[in-house]
Structure formats: structure tokens, C-alpha cells
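Colleague: Contents are PDB, C-alpha atoms and all ligand atoms; file name entry14.pdb:
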ATOM      1  CA  MET A   9      30.542 -22.700   2.577
ATOM      2  CA  SER A  10      30.776 -21.503  -1.015
ATOM      3  CA  ASN A  11      32.747 -23.652  -3.461
ATOM      4  CA  PRO A  12      36.248 -22.100  -3.909
ATOM      5  CA  ASP A  13      36.626 -23.745  -7.347
ATOM      6  CA  LYS A  14      33.568 -21.825  -8.532
ATOM      7  CA  TYR A  15      33.903 -18.555  -6.628
ATOM      8  CA  ALA A  16      36.725 -16.121  -6.050
ATOM      9  CA  THR A  17      36.591 -13.521  -3.303
ATOM     10  CA  ALA A  18      36.433  -9.835  -4.170
ATOM     11  CA  VAL A  19      36.973  -6.970  -1.758
ATOM     12  CA  VAL A  20      35.119  -3.693  -2.198
ATOM     13  CA  ILE A  21      37.927  -1.161  -2.531
ATOM     14  CA  ASP A  22      35.823   1.842  -3.491
ATOM     15  CA  ARG A  23      32.174   2.872  -3.480
ATOM     16  CA  ARG A  24      30.577   5.913  -5.146
ATOM     17  CA  ASP A  25      26.901   6.646  -4.408
ATOM     18  CA  LEU A  26      24.974   8.590  -7.064
ATOM     19  CA  CYS A  27      21.707   8.733  -5.134
ATOM     20  CA  ASP A  28      19.824   6.518  -2.694
ATOM     21  CA  ASP A  29      19.365   3.621  -5.142
ATOM     22  CA  LEU A  30      22.347   3.780  -7.533
ATOM     23  CA  TRP A  31      25.997   3.197  -6.763
ATOM     24  CA  VAL A  32      29.286   2.164  -8.351
ATOM     25  CA  VAL A  33      31.701  -0.275  -6.701
ATOM     26  CA  ARG A  34      35.252  -1.213  -7.547
ATOM     27  CA  LEU A  35      36.166  -4.773  -6.619
ATOM     28  CA  ARG A  36      39.594  -6.329  -6.244
ATOM     29  CA  THR A  37      39.482 -10.071  -6.859
ATOM     30  CA  ASP A  38      41.926 -12.563  -5.365
ATOM     31  CA  CYS A  39      42.486 -14.111  -8.829
ATOM     32  CA  GLU A  40      42.603 -13.117 -12.501
ATOM     33  CA  LEU A  41      39.138 -12.492 -13.938
ATOM     34  CA  PRO A  42      39.562 -12.502 -17.731
ATOM     35  CA  PHE A  43      36.764 -10.917 -19.760
ATOM     36  CA  ARG A  44      36.073  -8.914 -22.892
ATOM     37  CA  PRO A  45      34.062  -5.660 -22.969
ATOM     38  CA  GLY A  46      30.351  -6.522 -23.002
ATOM     39  CA  GLN A  47      30.643  -9.493 -20.664
ATOM     40  CA  TYR A  48      29.236  -9.818 -17.165
ATOM     41  CA  ALA A  49      30.516 -11.031 -13.825
ATOM     42  CA  THR A  50      28.319 -13.077 -11.515
ATOM     43  CA  LEU A  51      28.363 -11.591  -8.016
ATOM     44  CA  GLY A  52      27.059 -13.403  -4.984
ATOM     45  CA  LEU A  53      26.687 -13.394  -1.235
ATOM     46  CA  GLU A  54      26.221 -16.318   1.092
ATOM     47  CA  LEU A  55      22.871 -15.740   2.768
ATOM     48  CA  ASN A  56      21.372 -18.239   5.207
ATOM     49  CA  GLY A  57      23.827 -20.905   4.055
ATOM     50  CA  LYS A  58      23.041 -20.454   0.360
ATOM     51  CA  VAL A  59      24.808 -18.401  -2.311
ATOM     52  CA  VAL A  60      22.458 -15.841  -3.855
ATOM     53  CA  GLU A  61      24.004 -14.646  -7.109
ATOM     54  CA  ARG A  62      23.133 -12.357 -10.028
ATOM     55  CA  PRO A  63      24.872 -11.245 -13.251
ATOM     56  CA  TYR A  64      26.321  -7.697 -13.516
ATOM     57  CA  SER A  65      27.816  -6.160 -16.659
ATOM     58  CA  ILE A  66      31.406  -5.081 -16.150
ATOM     59  CA  VAL A  67      32.076  -1.340 -16.502
ATOM     60  CA  SER A  68      35.866  -1.478 -16.331
ATOM     61  CA  ALA A  69      38.043  -2.261 -19.326
ATOM     62  CA  PRO A  70      39.930  -5.584 -19.214
ATOM     63  CA  GLU A  71      43.249  -3.740 -18.789
ATOM     64  CA  GLU A  72      42.180  -2.193 -15.474
ATOM     65  CA  THR A  73      43.363  -3.734 -12.200
ATOM     66  CA  ASP A  74      39.937  -3.657 -10.556
ATOM     67  CA  VAL A  75      36.461  -4.686 -11.637
ATOM     68  CA  GLU A  76      33.930  -1.852 -11.695
ATOM     69  CA  ILE A  77      30.179  -2.460 -11.421
ATOM     70  CA  PHE A  78      27.241   0.001 -11.572
ATOM     71  CA  ILE A  79      24.307  -1.244  -9.471
ATOM     72  CA  GLU A  80      20.666  -0.262  -9.038
ATOM     73  CA  LEU A  81      18.940  -1.154  -5.790
ATOM     74  CA  VAL A  82      15.788  -3.196  -6.325
ATOM     75  CA  PRO A  83      13.545  -2.679  -3.295
ATOM     76  CA  GLU A  84      13.163  -6.082  -1.590
ATOM     77  CA  GLY A  85      15.580  -7.527  -4.169
ATOM     78  CA  ALA A  86      17.116 -10.805  -2.985
ATOM     79  CA  LEU A  87      20.694  -9.683  -3.665
ATOM     80  CA  THR A  88      20.821  -5.896  -4.140
ATOM     81  CA  SER A  89      19.226  -5.222  -0.742
ATOM     82  CA  HIS A  90      22.297  -6.964   0.772
ATOM     83  CA  LEU A  91      24.879  -5.624  -1.714
ATOM     84  CA  TYR A  92      23.645  -2.133  -0.845
ATOM     85  CA  ARG A  93      24.903  -2.488   2.724
ATOM     86  CA  LEU A  94      28.468  -3.278   1.681
ATOM     87  CA  GLY A  95      31.208  -0.690   1.928
ATOM     88  CA  THR A  96      34.964  -0.482   1.517
ATOM     89  CA  GLY A  97      36.686  -3.569   2.910
ATOM     90  CA  ASP A  98      33.650  -5.869   2.668
ATOM     91  CA  GLU A  99      33.818  -9.089   0.656
ATOM     92  CA  ILE A 100      31.696 -10.441  -2.192
ATOM     93  CA  LEU A 101      31.792 -13.763  -4.035
ATOM     94  CA  VAL A 102      32.524 -13.607  -7.772
ATOM     95  CA  ARG A 103      32.228 -16.533 -10.139
ATOM     96  CA  ARG A 104      35.657 -17.245 -11.588
ATOM     97  CA  LYS A 105      34.158 -17.361 -15.101
ATOM     98  CA  THR A 106      32.811 -14.242 -16.756
ATOM     99  CA  LYS A 107      30.193 -14.760 -19.454
ATOM    100  CA  GLY A 108      28.161 -13.113 -22.178
ATOM    101  CA  LEU A 109      28.154 -12.564 -25.921
ATOM    102  CA  PHE A 110      27.032  -8.907 -26.037
ATOM    103  CA  LEU A 111      29.351  -6.684 -28.177
ATOM    104  CA  ARG A 112      31.420  -9.742 -29.147
ATOM    105  CA  ASN A 113      31.778  -8.757 -32.827
ATOM    106  CA  THR A 114      31.774  -5.003 -32.288
ATOM    107  CA  PRO A 115      32.859  -2.669 -33.815
ATOM    108  CA  VAL A 116      32.095  -3.713 -37.379
ATOM    109  CA  ASP A 117      34.218  -1.915 -39.982
ATOM    110  CA  GLY A 118      32.230   0.412 -42.209
ATOM    111  CA  GLN A 119      29.149   0.429 -39.963
ATOM    112  CA  ALA A 120      27.673   3.210 -37.850
ATOM    113  CA  HIS A 121      26.902   2.052 -34.305
ATOM    114  CA  LEU A 122      24.128   3.257 -32.046
ATOM    115  CA  PHE A 123      24.439   2.166 -28.405
ATOM    116  CA  VAL A 124      21.271   2.633 -26.367
ATOM    117  CA  ALA A 125      21.144   2.290 -22.575
ATOM    118  CA  THR A 126      18.873   2.887 -19.624
ATOM    119  CA  VAL A 127      20.749   3.957 -16.447
ATOM    120  CA  THR A 128      22.961   0.973 -15.411
ATOM    121  CA  GLY A 129      22.668  -0.420 -18.960
ATOM    122  CA  ILE A 130      25.552   1.887 -19.874
ATOM    123  CA  ALA A 131      27.974  -0.524 -18.158
ATOM    124  CA  PRO A 132      29.059  -2.718 -21.100
ATOM    125  CA  PHE A 133      29.349   0.320 -23.381
ATOM    126  CA  VAL A 134      31.688   2.124 -20.966
ATOM    127  CA  SER A 135      33.945  -0.945 -20.834
ATOM    128  CA  PHE A 136      33.940  -1.154 -24.618
ATOM    129  CA  LEU A 137      34.545   2.586 -25.136
ATOM    130  CA  ARG A 138      37.343   2.769 -22.562
ATOM    131  CA  ARG A 139      39.206   0.046 -24.422
ATOM    132  CA  LEU A 140      38.474   1.498 -27.864
ATOM    133  CA  ALA A 141      39.573   5.002 -26.823
ATOM    134  CA  ALA A 142      42.803   3.558 -25.397
ATOM    135  CA  ARG A 143      43.453   1.741 -28.672
ATOM    136  CA  TRP A 144      42.686   4.909 -30.664
ATOM    137  CA  ARG A 145      45.079   6.965 -28.476
ATOM    138  CA  ALA A 146      47.777   4.334 -29.033
ATOM    139  CA  GLY A 147      47.237   4.554 -32.804
ATOM    140  CA  GLU A 148      46.040   0.925 -32.965
ATOM    141  CA  TRP A 149      42.507   1.628 -34.185
ATOM    142  CA  SER A 150      40.643   4.308 -36.126
ATOM    143  CA  THR A 151      37.393   4.604 -37.996
ATOM    144  CA  GLU A 152      35.537   6.822 -40.443
ATOM    145  CA  GLN A 153      32.247   5.761 -38.834
ATOM    146  CA  ARG A 154      30.617   7.119 -35.696
ATOM    147  CA  ILE A 155      29.582   5.504 -32.464
ATOM    148  CA  THR A 156      26.654   7.228 -30.763
ATOM    149  CA  LEU A 157      25.719   6.409 -27.168
ATOM    150  CA  LEU A 158      22.184   7.361 -26.189
ATOM    151  CA  GLN A 159      21.444   6.966 -22.470
ATOM    152  CA  GLY A 160      18.135   7.545 -20.725
ATOM    153  CA  ALA A 161      17.379   8.200 -17.065
ATOM    154  CA  SER A 162      14.608   9.860 -15.086
ATOM    155  CA  ARG A 163      16.922  12.584 -13.703
ATOM    156  CA  SER A 164      20.458  13.651 -14.601
ATOM    157  CA  TYR A 165      22.018  12.557 -11.294
ATOM    158  CA  GLU A 166      21.391   8.960 -12.421
ATOM    159  CA  PHE A 167      23.983   9.281 -15.213
ATOM    160  CA  GLY A 168      26.901   7.556 -13.506
ATOM    161  CA  TYR A 169      29.403   8.329 -16.288
ATOM    162  CA  LEU A 170      28.258  11.754 -17.503
ATOM    163  CA  ASP A 171      31.606  13.523 -17.039
ATOM    164  CA  GLU A 172      33.661  10.634 -18.407
ATOM    165  CA  MET A 173      31.480  10.167 -21.495
ATOM    166  CA  ARG A 174      31.361  13.916 -22.205
ATOM    167  CA  ALA A 175      35.134  14.141 -21.886
ATOM    168  CA  MET A 176      35.581  11.185 -24.229
ATOM    169  CA  ALA A 177      33.179  12.699 -26.773
ATOM    170  CA  ALA A 178      35.168  15.961 -26.653
ATOM    171  CA  GLU A 179      38.443  14.095 -27.138
ATOM    172  CA  VAL A 180      37.809  11.507 -29.864
ATOM    173  CA  PRO A 181      36.334  12.337 -33.301
ATOM    174  CA  TRP A 182      34.306   9.142 -33.690
ATOM    175  CA  PHE A 183      32.114   9.257 -30.564
ATOM    176  CA  GLU A 184      28.976  11.157 -29.560
ATOM    177  CA  TYR A 185      27.223  10.913 -26.178
ATOM    178  CA  VAL A 186      23.552  11.865 -25.798
ATOM    179  CA  PRO A 187      22.083  11.636 -22.289
ATOM    180  CA  THR A 188      18.316  12.206 -22.126
ATOM    181  CA  VAL A 189      16.193  12.920 -19.059
ATOM    182  CA  SER A 190      12.552  11.768 -18.920
ATOM    183  CA  ARG A 191      11.503  13.877 -15.897
ATOM    184  CA  PRO A 192      12.912  17.309 -16.720
ATOM    185  CA  TRP A 193      10.355  18.977 -14.433
ATOM    186  CA  GLU A 194      12.187  17.312 -11.520
ATOM    187  CA  ASP A 195      15.546  18.471 -12.915
ATOM    188  CA  PRO A 196      15.228  22.211 -13.685
ATOM    189  CA  GLU A 197      18.991  22.716 -14.176
ATOM    190  CA  TRP A 198      19.176  20.092 -16.962
ATOM    191  CA  ARG A 199      19.989  21.631 -20.350
ATOM    192  CA  GLY A 200      20.395  18.454 -22.402
ATOM    193  CA  GLU A 201      17.991  16.245 -24.364
ATOM    194  CA  THR A 202      14.635  15.423 -22.780
ATOM    195  CA  GLY A 203      12.234  12.520 -23.171
ATOM    196  CA  ARG A 204      12.585   8.801 -22.811
ATOM    197  CA  VAL A 205      15.141   6.995 -24.950
ATOM    198  CA  GLU A 206      12.298   5.539 -27.007
ATOM    199  CA  ASP A 207      10.986   9.075 -27.741
ATOM    200  CA  VAL A 208      14.273  10.298 -29.240
ATOM    201  CA  LEU A 209      15.567   7.046 -30.723
ATOM    202  CA  ARG A 210      14.458   7.737 -34.307
ATOM    203  CA  LYS A 211      15.995  11.217 -34.271
ATOM    204  CA  TYR A 212      19.419   9.938 -33.171
ATOM    205  CA  ALA A 213      19.262   6.868 -35.403
ATOM    206  CA  ASP A 214      18.746   9.271 -38.342
ATOM    207  CA  ALA A 215      21.591  11.513 -37.188
ATOM    208  CA  ALA A 216      23.893   8.507 -36.731
ATOM    209  CA  GLY A 217      23.061   7.159 -40.221
ATOM    210  CA  ILE A 218      21.572   3.915 -38.936
ATOM    211  CA  ALA A 219      20.103   2.142 -41.980
ATOM    212  CA  PRO A 220      19.867  -1.471 -43.161
ATOM    213  CA  GLY A 221      23.267  -2.627 -44.374
ATOM    214  CA  SER A 222      25.192   0.306 -42.918
ATOM    215  CA  GLY A 223      24.380   0.473 -39.225
ATOM    216  CA  ALA A 224      23.758  -1.567 -36.111
ATOM    217  CA  VAL A 225      21.911  -0.890 -32.857
ATOM    218  CA  TYR A 226      22.810  -2.266 -29.440
ATOM    219  CA  LEU A 227      20.186  -2.033 -26.675
ATOM    220  CA  CYS A 228      20.980  -2.609 -23.003
ATOM    221  CA  GLY A 229      19.088  -2.475 -19.730
ATOM    222  CA  HIS A 230      15.336  -2.029 -19.200
ATOM    223  CA  PRO A 231      13.212  -4.707 -20.968
ATOM    224  CA  GLY A 232      10.536  -2.198 -22.004
ATOM    225  CA  MET A 233      13.092   0.044 -23.698
ATOM    226  CA  ILE A 234      14.604  -2.965 -25.454
ATOM    227  CA  ALA A 235      11.250  -4.247 -26.750
ATOM    228  CA  THR A 236      10.238  -0.807 -28.024
ATOM    229  CA  GLY A 237      13.703  -0.049 -29.399
ATOM    230  CA  ARG A 238      13.849  -3.332 -31.272
ATOM    231  CA  ALA A 239      10.367  -2.780 -32.721
ATOM    232  CA  ILE A 240      11.357   0.725 -33.936
ATOM    233  CA  MET A 241      14.551  -0.586 -35.529
ATOM    234  CA  ARG A 242      12.725  -3.495 -37.166
ATOM    235  CA  ARG A 243      10.300  -1.056 -38.761
ATOM    236  CA  ARG A 244      13.345   0.854 -40.050
ATOM    237  CA  GLY A 245      14.320  -2.361 -41.865
ATOM    238  CA  LEU A 246      17.258  -3.457 -39.707
ATOM    239  CA  ASN A 247      17.894  -7.172 -39.610
ATOM    240  CA  ASP A 248      16.698  -8.659 -36.321
ATOM    241  CA  ASP A 249      19.648 -11.057 -36.003
ATOM    242  CA  SER A 250      22.593  -9.214 -37.510
ATOM    243  CA  GLU A 251      21.839  -5.511 -36.989
ATOM    244  CA  ILE A 252      19.944  -5.362 -33.670
ATOM    245  CA  PHE A 253      21.591  -6.690 -30.504
ATOM    246  CA  GLU A 254      20.475  -6.642 -26.887
ATOM    247  CA  GLU A 255      21.406  -7.301 -23.282
ATOM    248  CA  GLN A 256      18.241  -7.375 -21.184
ATOM    249  CA  TYR A 257      18.690  -6.971 -17.436
ATOM    250  CA  TRP A 258      15.437  -8.514 -16.189
ATOM    251  CA  PRO A 259      12.430 -10.331 -17.699
ATOM    252  CA  ASP A 260       9.893  -8.452 -19.767
ATOM    253  CA  THR A 261       6.387  -8.639 -18.382
ATOM    254  CA  LYS A 262       4.732  -6.687 -21.225
ATOM    255  CA  ALA A 263       4.601  -7.305 -24.968
ATOM    256  CA  ALA A 264       6.523  -5.080 -27.403
ATOM    257  CA  SER A 265       4.675  -1.948 -28.511
TER     258      SER A 265
HETATM  259  C1  LIG B 301      23.383  -9.983 -18.381
HETATM  260  C2  LIG B 301      22.887  -9.138 -17.234
HETATM  261  C3  LIG B 301      23.626  -8.052 -16.797
HETATM  262  C4  LIG B 301      23.157  -7.271 -15.749
HETATM  263  N1  LIG B 301      23.880  -6.186 -15.367
HETATM  264  C5  LIG B 301      23.429  -5.380 -14.378
HETATM  265  C6  LIG B 301      24.158  -4.205 -13.992
HETATM  266  O1  LIG B 301      25.223  -3.887 -14.550
HETATM  267  N2  LIG B 301      23.658  -3.443 -12.967
HETATM  268  C7  LIG B 301      22.473  -3.771 -12.330
HETATM  269  O2  LIG B 301      22.073  -3.049 -11.414
HETATM  270  N3  LIG B 301      21.773  -4.876 -12.698
HETATM  271  C8  LIG B 301      22.219  -5.689 -13.681
HETATM  272  N4  LIG B 301      21.511  -6.807 -14.021
HETATM  273  C9  LIG B 301      20.332  -7.172 -13.181
HETATM  274  C10 LIG B 301      20.807  -8.022 -11.982
HETATM  275  O3  LIG B 301      21.316  -9.257 -12.432
HETATM  276  C11 LIG B 301      19.695  -8.317 -10.976
HETATM  277  O4  LIG B 301      18.563  -8.827 -11.644
HETATM  278  C12 LIG B 301      19.262  -7.084 -10.189
HETATM  279  O5  LIG B 301      20.387  -6.518  -9.515
HETATM  280  C13 LIG B 301      18.180  -7.427  -9.143
HETATM  281  O6  LIG B 301      18.659  -8.433  -8.310
HETATM  282  P1  LIG B 301      17.939  -8.699  -6.894
HETATM  283  O7  LIG B 301      18.353 -10.066  -6.439
HETATM  284  O8  LIG B 301      18.182  -7.581  -5.950
HETATM  285  O9  LIG B 301      16.402  -8.669  -7.251
HETATM  286  P2  LIG B 301      15.461  -9.959  -7.518
HETATM  287  O10 LIG B 301      14.987 -10.451  -6.187
HETATM  288  O11 LIG B 301      16.164 -10.921  -8.401
HETATM  289  O12 LIG B 301      14.344  -9.280  -8.383
HETATM  290  C14 LIG B 301      13.147  -8.785  -7.895
HETATM  291  C15 LIG B 301      12.312  -8.303  -9.080
HETATM  292  O13 LIG B 301      12.859  -7.111  -9.647
HETATM  293  C16 LIG B 301      13.015  -7.215 -11.073
HETATM  294  N5  LIG B 301      14.202  -6.409 -11.392
HETATM  295  C17 LIG B 301      15.490  -6.795 -11.482
HETATM  296  N6  LIG B 301      16.308  -5.748 -11.728
HETATM  297  C18 LIG B 301      15.498  -4.664 -11.786
HETATM  298  C19 LIG B 301      15.732  -3.277 -11.985
HETATM  299  N7  LIG B 301      16.988  -2.778 -12.189
HETATM  300  N8  LIG B 301      14.681  -2.434 -11.969
HETATM  301  C20 LIG B 301      13.441  -2.888 -11.765
HETATM  302  N9  LIG B 301      13.141  -4.194 -11.560
HETATM  303  C21 LIG B 301      14.164  -5.076 -11.566
HETATM  304  C22 LIG B 301      13.162  -8.695 -11.315
HETATM  305  O14 LIG B 301      12.702  -9.042 -12.608
HETATM  306  C23 LIG B 301      12.249  -9.306 -10.246
HETATM  307  O15 LIG B 301      10.920  -9.306 -10.684
HETATM  308  C24 LIG B 301      21.934  -7.588 -15.082
HETATM  309  C25 LIG B 301      21.188  -8.693 -15.525
HETATM  310  C26 LIG B 301      21.650  -9.443 -16.585
HETATM  311  C27 LIG B 301      20.795 -10.611 -17.059
END
Can the structure from this file be put into C-alpha cells for me?
Modeller:
Amino acid sequence: MSNPDKYATAVVIDRRDLCDDLWVVRLRTDCELPFRPGQYATLGLELNGKVVERPYSIVSAPEETDVEIFIELVPEGALTSHLYRLGTGDEILVRRKTKGLFLRNTPVDGQAHLFVATVTGIAPFVSFLRRLAARWRAGEWSTEQRITLLQGASRSYEFGYLDEMRAMAAEVPWFEYVPTVSRPWEDPEWRGETGRVEDVLRKYADAAGIAPGSGAVYLCGHPGMIATGRAIMRRRGLNDDSEIFEEQYWPDTKAAS
């Protein structure tokens, strides 16, 4: 039995499949789950008498009733292979404490921000942007600076928040969304940016005005993208500790290029 002091129960109340290895779930927990944008929830399942758990960045904004998570299936993965089978009405364990320091001091007044994500790595940025847009609509926050979100995927159907991010970019003056597809030959209808995030990073960092002292870069998701992105931004002169931030989803097995 899982420890009820440590874990709450969450029911899957909605599931949206993007393709055969990417899906979005909305979870309703049986208790409050306080968090700030950028933090992660720890989801688990009891398997063979043991709780198998993993961290997942929260997509929803703190004001929303339900917790939204964007998940990629890892073939043979200890947890995702089981999470994948769950549908509406099924239950998941959620640690009562959310964690994480990503985006904790963001946005910084007077700085341009470049958010960079691979596929599910968009999660913390969506949470952050939903809250910021709500504050902007309510007249509680405004900025002269821009926030650019660059998201990479192999094919466009992997962009889980394409419509929402495009609509937000059309609505608010301070936000730009740039999705880029690395396998355009498998996606002939795609009319947007092409190449891997790393290929177009310099171009959008220039356009966003990312420079030492006046800009910050936030990298989330694939470890290879993060290592390369950090190396590019270091060469640009950004401070490793105060101008480049990251949330890496799994361990890096290769050195930075
Ligand atoms: C702070 C944080 C936030 C995270 N947020 C998310 C999120 O929002 N959505 C999400 O899908 N995942 C997220 N992850 C990754 C997640 O925690 C799990 O690692 C992932 O779901 C795989 O779990 P598993 O038990 O199925 O695979 P495991 O059995 O743990 O892993 C098997 C192997 O796959 C590697 N691996 C893990 N994830 C991937 C991947 N996506 N692609 C390729 N290889 C991988 C692992 O390094 C390991 O070698 C996050 C990780 C961290 C640290």
C-alpha cells in the first residue's frame, strides 16, 4: 500500500492523444496541490507492490482546477509504459509536494527571454505563459520586453500546444511562438520553420535581442538540446549561472558539442 501521507490520488478526467507516443492528461487530485509555474509533480503507480514514480512538469497554471501533464512514451519505460494504458476514470498516485526551481525568478524586468523546448519540454513554459497572459489581461502585468518560445519536434503533430500558443502570440504584444520541425520531408504540409532547435537557436536569439546583461535563455527537455544550447549561449557571452537556465528531463549520455 502506498503511504497516504506522501501520496494523493488523482483521477484521469481527460486524455488527448497527439500520436502513438505523445499524449496529454488532465488529473483531478483529491487534495490541494500548490505549485508555481515551472514546477513538477511526481506521478506514480503501484506496480508489483512498489511505487514507481517519475517527475513531470506541470502544464496547467496554478489557478486551474485540474493538473495537466504532457507525456512522451518511452518504449520499455518503467512508468510510461503503464501510464500509457490509463484512460478516463483511472487513478494515479501524486506526491502531495510539488518541487522544482525552474522559472522561479522569471520574468526579470528589463530582460528579453528566450524559452527553448523540445516536444514535452514546452510544459513549464505553457504553465508560465498561461498565468502571465491572465495577469496581462487583468491589467496586473505588462512589459516592454519580449518573450520568445522556440519549440522543436520531428513532425508538426508533436506540437501539443500549437493552436494555443499561436492564439496567444496573436493576442498579446509581448510573446512570439516559433515551432520548428526537424523532419520536414515527413511533413509536406508544414509551412513553418525547419531544422532542429539547435540549428535555428542563434537566429532567434539575435531576433529576440538575447545578449549578456539584457537577456536570458531557458532550456527544457532533451539533454542533447540543452547541452548544445547552453554551449551556444555561453559562446555568446551569457552568464552560465544567471542568464542560462535549464530543466533536463533525462540524463545526458554524450558530452556537450
Ligand atoms: C524535472 C523533470 C520534469 C519532467 N517532465 C516531463 C514531462 O513533462 N513529460 C515527460 O514525458 N517526461 C518528463 N520528464 C521525464 C520523466 O520523468 C521520465 O523520465 C520519463 O517519463 C521516462 O520514464 P519511464 O519510467 O517510462 O522510463 P525509464 O525506465 O525511467 O527510462 C528508460 C530510459 O529512457 C530514458 N528517457 C527518459 N525519458 C526519455 C524521453 N522522453 N525520450 C528518450 N529517452 C528517455 C531514460 O534516461 C532511461 O535511460 C521529466 C523529468 C524531469 C527530471
Colleague: For a quick check of understanding, using all atoms listed in the file, which of A:Ser135, A:Gln153, A:Thr73, A:Ser190 has the smallest distance to ligand LIG 301 (chain B)?
Modeller: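 Nearest to ligand LIG 301 (chain B): A:Ser135.
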Colleague: Taking all atoms listed in the file into account, name the residue in A:Glu80, A:Asp13, A:Asp260, A:Asp74 that is nearest to ligand LIG 301 (chain B).
Modeller: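 Going through A:Glu80, A:Asp13, A:Asp260, A:Asp74 one by one, the smallest distance to ligand LIG 301 (chain B) is for A:Glu80.
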Colleague: With distances taken over only C-alpha atoms, which residue among A:Gly95, A:Gly168, A:Pro42, A:Gly57 lies nearest Leu26 (chain A)?
Modeller: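 Of A:Gly95, A:Gly168, A:Pro42, A:Gly57, the one nearest Leu26 (chain A), counting only C-alpha atoms, is A:Gly168.
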Colleague: Pick the closest to Val127 (chain A) from A:Pro187, A:Pro83, A:Pro181, A:Gly221: which is it, counting all atoms listed in the file?
Modeller: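 Looking only at the distances to Val127 (chain A), the closest residue turns out to be A:Pro187.
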Colleague: Given the PyMOL selection byres (((not hetatm)) within 6 of (chain B and resi 301)) and the file above, list the residues it selects as a list in words.
Modeller: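 That expression, the PyMOL selection byres (((not hetatm)) within 6 of (chain B and resi 301)), corresponds here to Tyr48, Arg62, Pro63, Tyr64, Ser65, Phe78, Ile79, Glu80, Val82, Gly85, Ala86, Leu87, Thr88, Ser89, Thr128, Ala131, Glu255, Gln256, Tyr257, Trp258 and Pro259 of chain A.
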Colleague: Evaluate the PyMOL selection byres (((chain A and resi 214) around 12) and not hetatm) against this structure - the residues, as a list in words, please.
Modeller: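 Matching residues under the PyMOL selection byres (((chain A and resi 214) around 12) and not hetatm) are Ala120, His121, Leu122, Thr156, Val208, Leu209, Arg210, Lys211, Tyr212, Ala213, Ala215, Ala216, Gly217, Ile218, Ala219, Pro220, Ser222, Gly223, Val225, Met241 and Arg244 of chain A.
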Colleague: I'd like the box whose edges run along x, y and z of the file and which contains every listed atom of region 199-207 of chain A, padded by 4 Å per side; could you state its centre and edge lengths in Å, one decimal, as lines of an AutoDock Vina configuration file?
Modeller:
center_x = 15.7
center_y = 13.6
center_z = -24.0
size_x = 17.4
size_y = 24.1
size_z = 15.4
Colleague: With all atoms listed in the file as the basis for distance, which of A:Arg103, A:Lys262, A:His90, A:Arg243 is at the shortest distance from Thr17 (chain A)?
Modeller: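 Result for the nearest residue to Thr17 (chain A): A:Arg103.
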Colleague: Rank nothing, just name the residue among A:Asp248, A:Glu54, A:His230, A:Ala161 nearest to Thr261 (chain A), using only C-alpha atoms.
Modeller: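 Closest to Thr261 (chain A) of all the choices is A:His230.
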Colleague: Which neighbours of Leu91 (chain A) fall inside 12 Å, counting only C-alpha atoms, when residues of the same chain fewer than 5 positions from it are skipped, and could you give them as a PyMOL selection string?
Modeller: chain A and resi 20+23+29-33+51-55+60-62+77-86+96+98-101
Colleague: Mind pulling up the distance from CA of Glu201 (chain A) to CA of Arg242 (chain A)?
Modeller: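 Interatomic distance here is 24.1 Å.
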Colleague: Which residues come within 10 Å of Leu170 (chain A), counting all atoms listed in the file, excluding same-chain residues fewer than 3 positions away, as a list in words?
Modeller: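 With the cut-off at 10 Å, the set is Gln159, Ser164, Tyr165, Glu166, Phe167, Met173, Arg174, Ala175, Met176, Tyr185, Val186 and Pro187 of chain A.
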Colleague: Please evaluate the PyMOL selection byres (((chain A and resi 182) around 10) and not hetatm) against the displayed coordinates and give the resulting residues as a PDB file with C-alpha atoms, in the coordinates of the input.
Modeller:
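Saved as out_39.pdb:
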ATOM      1  CA  ALA A 120      27.673   3.210 -37.850  1.00  0.00           C
ATOM      2  CA  ALA A 141      39.573   5.002 -26.823  1.00  0.00           C
ATOM      3  CA  TRP A 144      42.686   4.909 -30.664  1.00  0.00           C
ATOM      4  CA  SER A 150      40.643   4.308 -36.126  1.00  0.00           C
ATOM      5  CA  THR A 151      37.393   4.604 -37.996  1.00  0.00           C
ATOM      6  CA  GLU A 152      35.537   6.822 -40.443  1.00  0.00           C
ATOM      7  CA  GLN A 153      32.247   5.761 -38.834  1.00  0.00           C
ATOM      8  CA  ARG A 154      30.617   7.119 -35.696  1.00  0.00           C
ATOM      9  CA  ILE A 155      29.582   5.504 -32.464  1.00  0.00           C
ATOM     10  CA  THR A 156      26.654   7.228 -30.763  1.00  0.00           C
ATOM     11  CA  MET A 176      35.581  11.185 -24.229  1.00  0.00           C
ATOM     12  CA  ALA A 177      33.179  12.699 -26.773  1.00  0.00           C
ATOM     13  CA  ALA A 178      35.168  15.961 -26.653  1.00  0.00           C
ATOM     14  CA  GLU A 179      38.443  14.095 -27.138  1.00  0.00           C
ATOM     15  CA  VAL A 180      37.809  11.507 -29.864  1.00  0.00           C
ATOM     16  CA  PRO A 181      36.334  12.337 -33.301  1.00  0.00           C
ATOM     17  CA  PHE A 183      32.114   9.257 -30.564  1.00  0.00           C
ATOM     18  CA  GLU A 184      28.976  11.157 -29.560  1.00  0.00           C
TER      19      GLU A 184
END
